[in-house]
>>> print(open('run.txt').read())   # compact mmCIF, C-alpha atoms and all ligand atoms
# COMPACT_ATOMS: atom_id res chain seq x y z
CA MET A 1 141.86 -84.29 80.75
CA LYS A 2 143.56 -87.48 81.84
CA PRO A 3 146.64 -87.00 84.05
CA SER A 4 149.89 -88.90 83.56
CA ALA A 5 150.53 -91.82 85.90
CA ALA A 6 153.30 -89.71 87.46
CA PRO A 7 154.18 -86.02 87.33
CA PHE A 8 156.86 -85.50 84.71
CA VAL A 9 158.51 -82.58 86.46
CA VAL A 10 158.03 -81.30 90.01
CA ALA A 11 159.10 -77.90 91.35
CA LEU A 12 160.23 -77.94 94.98
CA GLU A 13 160.31 -74.54 96.68
CA LEU A 14 162.92 -75.49 99.30
CA THR A 15 162.67 -72.21 101.18
CA LEU A 16 161.28 -68.73 100.65
CA ARG A 17 164.54 -67.30 102.04
CA CYS A 18 166.33 -65.20 99.45
CA PRO A 19 169.19 -62.66 99.40
CA CYS A 20 167.32 -60.59 96.76
CA ARG A 21 164.16 -58.52 97.16
CA CYS A 22 163.12 -58.48 93.51
CA GLN A 23 160.48 -56.02 92.38
CA THR A 24 159.22 -58.77 90.10
CA CYS A 25 159.18 -61.66 92.59
CA GLY A 26 155.91 -63.56 92.25
CA SER A 27 156.14 -65.06 95.73
CA HIS A 28 157.38 -62.15 97.89
CA ALA A 29 160.56 -64.08 98.70
CA GLY A 30 163.04 -62.83 101.32
CA ALA A 31 162.10 -64.20 104.73
CA PRO A 32 161.27 -67.90 105.15
CA ARG A 33 157.65 -69.00 105.37
CA ALA A 34 156.31 -69.92 108.80
CA ARG A 35 156.97 -73.60 109.53
CA GLU A 36 158.96 -74.56 106.47
CA LEU A 37 159.43 -78.30 105.89
CA ASP A 38 162.35 -79.82 107.77
CA HIS A 39 164.93 -82.07 106.14
CA ASP A 40 163.23 -85.36 106.92
CA GLU A 41 160.00 -83.97 105.48
CA TRP A 42 161.75 -82.96 102.25
CA LEU A 43 163.40 -86.39 102.02
CA GLY A 44 159.90 -87.84 102.39
CA VAL A 45 158.65 -85.66 99.53
CA VAL A 46 161.50 -86.79 97.27
CA GLY A 47 160.84 -90.42 98.23
CA SER A 48 157.10 -90.10 97.51
CA LEU A 49 157.80 -88.56 94.13
CA ALA A 50 160.17 -91.40 93.29
CA ASP A 51 157.50 -93.91 94.41
CA LEU A 52 155.06 -92.24 92.01
CA GLY A 53 157.52 -92.61 89.14
CA CYS A 54 158.52 -88.95 88.81
CA ARG A 55 161.77 -88.66 86.87
CA ARG A 56 162.69 -84.99 87.31
CA ILE A 57 162.68 -82.52 90.19
CA SER A 58 163.62 -78.87 90.09
CA LEU A 59 164.96 -77.24 93.26
CA MET A 60 164.00 -73.58 93.61
CA GLY A 61 163.01 -70.94 96.13
CA GLY A 62 163.35 -68.25 97.27
CA GLU A 63 166.98 -69.20 96.86
CA PRO A 64 167.53 -72.99 97.07
CA LEU A 65 171.21 -72.56 98.00
CA LEU A 66 169.99 -71.06 101.30
CA TYR A 67 168.35 -74.37 102.17
CA PRO A 68 171.17 -76.08 104.09
CA GLY A 69 170.30 -79.64 103.04
CA TRP A 70 170.18 -79.11 99.26
CA VAL A 71 173.19 -81.35 98.54
CA ASP A 72 171.58 -84.20 100.43
CA LEU A 73 168.31 -83.75 98.49
CA VAL A 74 170.17 -83.82 95.17
CA ARG A 75 171.85 -87.07 96.22
CA ALA A 76 168.51 -88.51 97.39
CA GLY A 77 166.90 -87.69 94.03
CA CYS A 78 169.81 -89.13 92.04
CA ALA A 79 169.76 -92.30 94.16
CA ARG A 80 166.15 -92.81 93.01
CA ASP A 81 167.07 -92.26 89.33
CA MET A 82 165.67 -88.74 89.09
CA LEU A 83 167.24 -85.85 87.21
CA VAL A 84 167.71 -82.96 89.62
CA ASP A 85 167.93 -79.34 88.41
CA MET A 86 168.28 -76.10 90.31
CA ILE A 87 167.13 -72.53 89.64
CA SER A 88 169.24 -69.96 91.52
CA CYS A 89 169.84 -66.21 91.53
CA GLY A 90 173.57 -67.02 91.62
CA GLN A 91 174.34 -65.11 94.83
CA GLY A 92 176.83 -67.15 96.84
CA LEU A 93 177.50 -69.49 93.92
CA ASP A 94 181.30 -69.56 93.71
CA GLU A 95 183.84 -72.06 92.39
CA SER A 96 183.58 -74.37 95.39
CA VAL A 97 179.76 -74.42 95.31
CA ALA A 98 179.88 -75.24 91.58
CA SER A 99 182.23 -78.16 92.34
CA VAL A 100 179.86 -79.46 95.01
CA MET A 101 176.96 -79.15 92.54
CA ARG A 102 178.83 -81.30 90.03
CA ASP A 103 180.03 -83.85 92.58
CA CYS A 104 176.62 -84.41 94.18
CA GLY A 105 175.05 -85.22 90.81
CA LEU A 106 173.07 -82.07 89.95
CA HIS A 107 172.04 -82.28 86.29
CA SER A 108 171.90 -78.58 85.40
CA VAL A 109 171.67 -75.09 86.88
CA THR A 110 169.54 -72.19 85.68
CA ILE A 111 170.49 -68.68 86.76
CA SER A 112 168.00 -65.78 86.81
CA ILE A 113 169.00 -62.71 84.79
CA ASP A 114 166.34 -60.09 84.09
CA GLY A 115 168.08 -57.52 81.89
CA LEU A 116 171.36 -55.70 81.45
CA ALA A 117 173.41 -54.83 84.55
CA SER A 118 171.66 -51.68 85.75
CA THR A 119 168.16 -53.01 85.04
CA HIS A 120 168.86 -56.40 86.63
CA ASP A 121 170.42 -54.86 89.74
CA ALA A 122 167.53 -52.39 90.09
CA GLN A 123 164.82 -55.01 89.63
CA ARG A 124 166.63 -57.40 92.02
CA ARG A 125 167.46 -54.56 94.44
CA VAL A 126 171.00 -55.91 94.91
CA PRO A 127 173.99 -53.87 93.65
CA GLY A 128 176.41 -56.06 91.69
CA CYS A 129 173.83 -58.83 91.32
CA PHE A 130 174.25 -58.98 87.52
CA GLU A 131 178.04 -59.39 87.65
CA GLN A 132 177.70 -62.08 90.32
CA ALA A 133 175.11 -63.90 88.19
CA LEU A 134 177.54 -63.91 85.25
CA ARG A 135 180.34 -65.17 87.52
CA ALA A 136 178.04 -67.94 88.75
CA ILE A 137 177.27 -68.97 85.16
CA ARG A 138 180.98 -69.22 84.39
CA PHE A 139 181.70 -71.23 87.57
CA VAL A 140 178.94 -73.71 86.73
CA ASP A 141 180.08 -73.95 83.11
CA ARG A 142 183.71 -74.54 84.11
CA ALA A 143 182.63 -77.20 86.60
CA GLY A 144 181.25 -79.10 83.61
CA LEU A 145 177.54 -78.69 84.35
CA LYS A 146 174.93 -77.52 81.87
CA VAL A 147 173.99 -73.92 82.61
CA GLY A 148 170.95 -71.98 81.47
CA VAL A 149 169.36 -68.62 82.17
CA THR A 150 165.78 -67.69 82.92
CA SER A 151 164.65 -64.12 82.27
CA GLN A 152 161.44 -62.46 83.29
CA VAL A 153 160.17 -60.12 80.59
CA ASN A 154 158.43 -56.90 81.51
CA GLN A 155 158.13 -53.23 80.55
CA GLY A 156 161.51 -52.53 82.12
CA ASN A 157 163.63 -54.95 80.10
CA LEU A 158 162.03 -55.92 76.78
CA ALA A 159 164.23 -53.43 74.94
CA GLU A 160 167.35 -55.10 76.41
CA LEU A 161 166.84 -58.71 75.29
CA GLU A 162 168.70 -58.24 72.00
CA SER A 163 171.74 -56.79 73.82
CA LEU A 164 171.60 -59.45 76.53
CA ALA A 165 171.83 -62.39 74.10
CA PRO A 166 175.55 -62.11 73.18
CA ILE A 167 176.51 -61.48 76.83
CA LEU A 168 174.82 -64.70 77.94
CA GLU A 169 176.26 -66.58 74.99
CA ASP A 170 179.82 -65.44 75.83
CA ALA A 171 179.35 -66.53 79.46
CA GLY A 172 178.62 -70.12 78.38
CA VAL A 173 174.82 -70.23 78.57
CA LEU A 174 173.33 -73.17 76.65
CA GLY A 175 169.63 -72.46 77.08
CA TRP A 176 167.69 -69.23 77.67
CA GLN A 177 164.10 -69.31 78.80
CA LEU A 178 161.73 -66.36 78.91
CA GLN A 179 158.65 -65.85 81.05
CA LEU A 180 156.34 -62.89 81.51
CA THR A 181 156.43 -61.09 84.85
CA LEU A 182 153.00 -61.65 86.41
CA PRO A 183 151.23 -59.34 88.88
CA LEU A 184 151.76 -61.70 91.81
CA GLY A 185 153.58 -61.33 95.11
CA ARG A 186 155.90 -58.32 95.17
CA ALA A 187 155.33 -57.75 91.44
CA GLU A 188 151.72 -56.88 92.25
CA GLU A 189 153.09 -53.81 94.06
CA ASN A 190 155.10 -52.88 90.95
CA ARG A 191 152.41 -52.97 88.32
CA HIS A 192 154.18 -50.31 86.27
CA LEU A 193 156.54 -53.14 85.22
CA ILE A 194 153.84 -55.56 84.06
CA ALA A 195 153.66 -55.83 80.27
CA PRO A 196 150.27 -54.71 78.90
CA PRO A 197 148.64 -56.62 76.02
CA ALA A 198 149.64 -53.73 73.73
CA MET A 199 153.31 -54.69 74.28
CA MET A 200 152.84 -58.18 72.82
CA PRO A 201 153.27 -57.26 69.11
CA GLU A 202 156.65 -55.67 69.91
CA PHE A 203 157.59 -58.65 72.09
CA LEU A 204 156.75 -61.01 69.22
CA ARG A 205 158.80 -58.88 66.81
CA VAL A 206 161.83 -59.02 69.14
CA LEU A 207 161.45 -62.78 69.59
CA ARG A 208 161.26 -63.42 65.86
CA GLY A 209 164.45 -61.41 65.43
CA LEU A 210 166.23 -63.32 68.19
CA ALA A 211 165.06 -66.63 66.68
CA ARG A 212 167.20 -65.81 63.63
CA ARG A 213 170.39 -65.41 65.72
CA PRO A 214 173.10 -67.87 64.73
CA GLY A 215 174.10 -68.40 68.39
CA LEU A 216 172.09 -68.48 71.60
CA ARG A 217 168.40 -67.82 71.14
CA PRO A 218 165.63 -67.77 73.75
CA HIS A 219 162.69 -70.12 74.07
CA LEU A 220 159.26 -69.45 75.50
CA THR A 221 157.97 -70.95 78.71
CA ASP A 222 154.32 -71.61 79.52
CA ASN A 223 153.05 -68.09 80.15
CA ILE A 224 153.99 -66.63 76.75
CA GLY A 225 152.91 -67.29 73.18
CA TYR A 226 150.13 -69.49 71.74
CA GLY A 227 148.47 -69.82 68.42
CA THR A 228 150.96 -68.41 65.91
CA SER A 229 152.40 -70.53 63.10
CA ASP A 230 155.89 -70.21 64.61
CA ASP A 231 154.87 -70.98 68.21
CA LEU A 232 156.56 -74.40 68.05
CA GLN A 233 159.81 -72.86 66.82
CA LEU A 234 159.76 -70.10 69.46
CA ARG A 235 158.91 -72.55 72.27
CA THR A 236 161.37 -75.36 71.48
CA ILE A 237 164.52 -75.42 73.61
CA GLN A 238 167.61 -74.84 71.51
CA GLY A 239 168.90 -78.23 70.36
CA GLY A 240 165.99 -79.98 72.07
CA PHE A 241 162.94 -81.96 71.02
CA PRO A 242 160.00 -80.01 69.57
CA ARG A 243 157.76 -78.66 72.36
CA PRO A 244 154.29 -77.88 71.07
CA TRP A 245 151.95 -75.94 73.35
CA LEU A 246 149.39 -78.46 74.60
CA GLY A 247 147.68 -76.29 77.18
CA CYS A 248 148.40 -75.91 80.87
CA ARG A 249 149.90 -79.11 82.32
CA ALA A 250 149.38 -78.32 86.01
CA GLY A 251 148.07 -81.43 87.74
CA LEU A 252 148.31 -83.39 84.47
CA ASP A 253 152.06 -83.97 84.40
CA ALA A 254 153.35 -80.98 86.40
CA LEU A 255 153.33 -80.46 90.16
CA GLY A 256 154.79 -78.12 92.79
CA VAL A 257 155.37 -78.23 96.55
CA THR A 258 155.75 -75.03 98.57
CA SER A 259 158.29 -74.74 101.38
CA ASP A 260 155.51 -75.21 103.96
CA GLY A 261 154.29 -78.41 102.30
CA ARG A 262 151.34 -77.23 100.20
CA VAL A 263 150.78 -79.07 96.95
CA LYS A 264 149.69 -77.27 93.78
CA GLY A 265 149.65 -78.27 90.14
CA CYS A 266 152.06 -75.38 89.57
CA LEU A 267 153.74 -73.05 92.07
CA ALA A 268 152.54 -69.97 90.15
CA LEU A 269 148.88 -70.84 90.81
CA PRO A 270 146.93 -68.98 93.51
CA ASP A 271 146.20 -70.51 96.92
CA ILE A 272 142.67 -71.50 95.89
CA CYS A 273 144.39 -74.14 93.74
CA THR A 274 146.03 -75.83 96.76
CA GLU A 275 145.27 -79.56 96.73
CA GLY A 276 146.51 -80.46 100.21
CA ASN A 277 149.62 -80.52 102.40
CA VAL A 278 152.28 -83.24 102.52
CA ARG A 279 152.22 -82.95 106.34
CA GLU A 280 148.62 -84.14 106.40
CA GLU A 281 148.28 -86.44 103.45
CA SER A 282 150.35 -88.65 101.18
CA LEU A 283 151.56 -86.98 98.00
CA VAL A 284 150.87 -90.23 96.15
CA ALA A 285 147.25 -90.23 97.34
CA MET A 286 146.80 -86.59 96.30
CA TRP A 287 148.15 -87.25 92.80
CA ASN A 288 146.03 -90.36 92.36
CA ASP A 289 142.79 -88.70 93.54
CA PRO A 290 140.68 -88.00 90.41
CA ASN A 291 138.91 -85.17 92.21
CA ARG A 292 142.06 -83.04 92.66
CA PHE A 293 143.42 -80.53 90.12
CA SER A 294 139.88 -80.20 88.79
CA TYR A 295 140.59 -77.01 86.76
CA ASN A 296 142.55 -79.21 84.33
CA ARG A 297 141.49 -82.78 85.01
CA ARG A 298 137.83 -81.82 84.69
CA TYR A 299 138.29 -79.09 82.13
CA THR A 300 135.30 -78.13 80.02
CA PRO A 301 135.13 -75.43 77.32
CA THR A 302 132.68 -73.53 79.53
CA GLN A 303 135.75 -72.40 81.52
CA LEU A 304 136.83 -70.23 78.57
CA SER A 305 135.88 -66.59 78.19
CA GLY A 306 136.89 -63.50 76.22
CA ALA A 307 138.73 -64.15 72.96
CA CYS A 308 139.52 -67.71 74.06
CA ALA A 309 135.82 -68.65 74.06
CA ASP A 310 135.63 -68.11 70.28
CA CYS A 311 139.13 -69.26 69.35
CA GLU A 312 139.48 -72.13 66.91
CA GLN A 313 142.63 -73.27 68.75
CA ALA A 314 140.96 -73.41 72.16
CA GLN A 315 140.47 -77.18 72.20
CA ARG A 316 144.23 -77.65 72.38
CA CYS A 317 145.28 -74.38 74.02
CA ARG A 318 142.54 -74.11 76.68
CA GLY A 319 143.12 -70.40 77.14
CA GLY A 320 146.87 -70.35 77.75
CA CYS A 321 148.53 -70.39 81.17
CA THR A 322 146.14 -70.90 84.09
CA ALA A 323 148.32 -68.97 86.53
CA THR A 324 148.56 -66.02 84.15
CA ALA A 325 144.79 -65.96 83.68
CA TYR A 326 144.27 -65.93 87.46
CA ALA A 327 146.93 -63.26 87.99
CA MET A 328 145.77 -60.98 85.20
CA HIS A 329 141.99 -61.55 85.33
CA GLY A 330 141.16 -63.38 88.56
CA ARG A 331 139.76 -66.37 86.67
CA LEU A 332 141.03 -69.17 84.44
CA GLY A 333 140.46 -69.76 80.71
CA VAL A 334 141.22 -66.30 79.35
CA SER A 335 144.25 -64.59 77.82
CA THR A 336 144.70 -61.01 76.71
CA HIS A 337 148.44 -61.48 76.09
CA CYS A 338 148.16 -64.27 73.51
CA PHE A 339 150.45 -63.91 70.48
CA LEU A 340 147.68 -65.07 68.17
CA GLN A 341 145.77 -61.95 69.12
CA ALA A 342 148.94 -59.85 68.99
CA SER A 343 149.71 -61.00 65.45
CA ALA A 344 146.15 -60.67 64.11
CA PRO A 345 144.72 -57.54 65.72
CA THR A 346 141.70 -57.36 63.44
CA ASP A 347 140.89 -61.05 63.70
CA SER A 348 137.68 -62.12 65.46
CA THR A 349 139.84 -63.66 68.23
CA THR A 350 140.67 -60.17 69.51
CA ARG A 351 137.33 -59.68 71.23
CA GLN A 352 138.00 -58.07 74.61
CA THR A 353 137.26 -59.78 77.90
S1 LIG A 401 142.92 -66.87 72.03
FE1 LIG A 401 143.05 -68.09 73.92
S2 LIG A 401 142.63 -70.21 73.26
FE2 LIG A 401 143.18 -69.02 71.42
S3 LIG A 401 145.36 -69.31 71.13
FE3 LIG A 401 145.09 -67.44 72.32
S4 LIG A 401 145.23 -68.06 74.47
FE4 LIG A 401 144.87 -69.91 73.24
S1 LIG A 402 149.77 -72.56 85.42
FE1 LIG A 402 150.96 -71.74 83.68
S2 LIG A 402 153.13 -72.04 84.25
FE2 LIG A 402 151.84 -73.38 85.56
S3 LIG A 402 151.74 -75.37 84.50
FE3 LIG A 402 149.94 -74.17 83.86
S4 LIG A 402 150.61 -73.16 81.99
FE4 LIG A 402 152.46 -73.85 83.03
>>> encode(input="run.txt", output="C-alpha cells", more="lines below")
Ligand code: SF4
Ligand code: SF4
Amino acid sequence: MKPSAAPFVVALELTLRCPCRCQTCGSHAGAPRARELDHDEWLGVVGSLADLGCRRISLMGGEPLLYPGWVDLVRAGCARDMLVDMISCGQGLDESVASVMRDCGLHSVTISIDGLASTHDAQRRVPGCFEQALRAIRFVDRAGLKVGVTSQVNQGNLAELESLAPILEDAGVLGWQLQLTLPLGRAEENRHLIAPPAMMPEFLRVLRGLARRPGLRPHLTDNIGYGTSDDLQLRTIQGGFPRPWLGCRAGLDALGVTSDGRVKGCLALPDICTEGNVREESLVAMWNDPNRFSYNRRYTPTQLSGACADCEQAQRCRGGCTATAYAMHGRLGVSTHCFLQASAPTDSTTRQT
C-alpha cells in the first residue's frame, strides 16, 4: 500500500509518567521510561513532523500534563500550522490549566472515562477519579475548547455505556470514542476484563441502540467493528465527515513516537514493529524509507488467516486492526472480534483461527 507523503496524524507519548495505575493500561504507565526525550528532542520531533507536512499531532502519555514542557510543544506545533490535541486522564486539570490550554492554542482535549463512577475508579485505581474527570471536562468546556471522551470497552463496563451517555452529554462532551481494551501492558495481567469474541454481538446491540440516541452518541475507533452495513454510521464522528474503515493506517498516514524516541506506525503496536529511534535517525528519513512499515506498505493477502483469509471484504479491511491482531493472536491479519462475524454467526466468515 502506498503511504501518504506525510503522516496525517501523529501520536506523541510525551512521558509514561501517570497518576493512575489503570488495570486496563496498554503501556504499563506510572513511572517514566528510562531516558525519556528531553525538551529539545521533543521540539526536534515536532519540527521534523512539520517539515514532513504533518498537520495534526496528538499529545498523550502516560499523562501528558505531567510532561513539564507541554505548553511549549503546543505553541511549537501551532507555530508550524499544526492542530494540536491532547488526551488526558483529567487528574490535575483545573480551571487554570484549562485557561492555559486555551491560551496556548490547543485545539481540543479528550478525557478518558471508562465506566460509571465505581467502575472507572476501580479500573483506574484512583478514588474520586471519575468525579475529577467530569470536573476536568467542564473546565475545558467552559474555557471554550472542544472536549471529547475516550472510553475503553471491556467485560467490566459494557453494561454501563447506556447509563454513561447522558452523564457525558450533560458535562458538555461533544465527541465520544470507544476502543476495545487489549491484552497489552497492565491489561495483560487483568485478562478477566478483556472482552471475548462472544461479547461482540451484545456490544453491537448496545452500539446500535446508542446510535439512535438523539443526543451524544459514541463512535468506533480502529480496533472495533468492520464489515457490517452500518459500520460507516457507527464509525463516523458525530457531526463529522464520513469515516469508512479502510484498513489499518499505521505507517500509511498514521505514526507514533514513544517517550524514549522509538518510532512506530501506531503506539499500540508491539516492539517488533519499531522502525527506528529519533535519537539515531531523522524522522523524515524513516518516513520516506520504502522499506519501513512493511506490514502495511508491503501488505499481501498472504498475511491474512482465520476468517479474514476467506472474507470478501478483506481487500479493503485487511483483517482489522494490526495491533489488536498482535495482542490477541500474536500475529497480524486476523480478527476474532469482527462485527461482521458477530452479526452473521453462521456465515462462512466465522471460521475459527
Ligand atoms: S473477517 Fe477479517 S477481513 Fe473480514 S471484515 Fe472481519 S476483520 Fe475484516
Ligand atoms: S494498529 Fe490498529 S489502532 Fe493502530 S493504526 Fe492500525 S488499525 Fe489503527
>>> closest_residue(input="run.txt", among="A:Asp260, A:Asp230, A:Glu202, A:Asp222", to="ligand LIG 402 (chain A)", atoms="all atoms listed in the file")
A:Asp222
>>> closest_residue(input="run.txt", among="A:Arg135, A:Arg318, A:His337, A:Arg217", to="Ser163 (chain A)", atoms="only C-alpha atoms")
A:Arg217
>>> closest_residue(input="run.txt", among="A:Pro127, A:Gly251, A:Gly77, A:Gly319", to="Ile224 (chain A)", atoms="all atoms listed in the file")
A:Gly319
>>> atom_distance(input="run.txt", atom1="CA of Arg33 (chain A)", atom2="CA of Ala327 (chain A)")
21.2 Å
>>> atom_distance(input="run.txt", atom1="CA of Glu41 (chain A)", atom2="atom FE3 of ligand LIG 402 (chain A)")
25.8 Å
>>> residues_near_ligand(input="run.txt", ligand="ligand LIG 401 (chain A)", cutoff="12 Å", atoms="all atoms listed in the file", output="PyMOL selection string")
chain A and resi 197+222-229+231+245-248+301+303-322+324-325+332-345+347-353
>>> atom_distance(input="run.txt", atom1="CA of Gly128 (chain A)", atom2="CA of Ala159 (chain A)")
20.9 Å
>>> closest_residue(input="run.txt", among="A:Ser88, A:Gln179, A:Ser99, A:Ser259", to="ligand LIG 402 (chain A)", atoms="only C-alpha atoms and all ligand atoms")
A:Gln179
>>> residues_around(input="run.txt", residues="region 275-282 of chain A", least_positions_apart="3", cutoff="9 Å", atoms="all atoms listed in the file", output="PyMOL selection string")
chain A and resi 37+41+44-45+48+257+260-265+272+285-287+292-293
>>> closest_residue(input="run.txt", among="A:Leu116, A:Leu158, A:Val9, A:Leu65", to="Val84 (chain A)", atoms="all atoms listed in the file")
A:Val9
>>> residues_around(input="run.txt", residues="Asn154 (chain A)", least_positions_apart="6", cutoff="6 Å", atoms="all atoms listed in the file", output="count of residues only")
4
>>> closest_residue(input="run.txt", among="A:Arg191, A:Arg235, A:Arg208, A:Arg249", to="ligand LIG 402 (chain A)", atoms="only C-alpha atoms and all ligand atoms")
A:Arg249
>>> residues_around(input="run.txt", residues="Ile237 (chain A)", least_positions_apart="2", cutoff="12 Å", atoms="all atoms listed in the file", output="VMD selection string")
chain A and resid 148 to 149 174 to 178 211 216 to 221 231 to 235 239 to 244
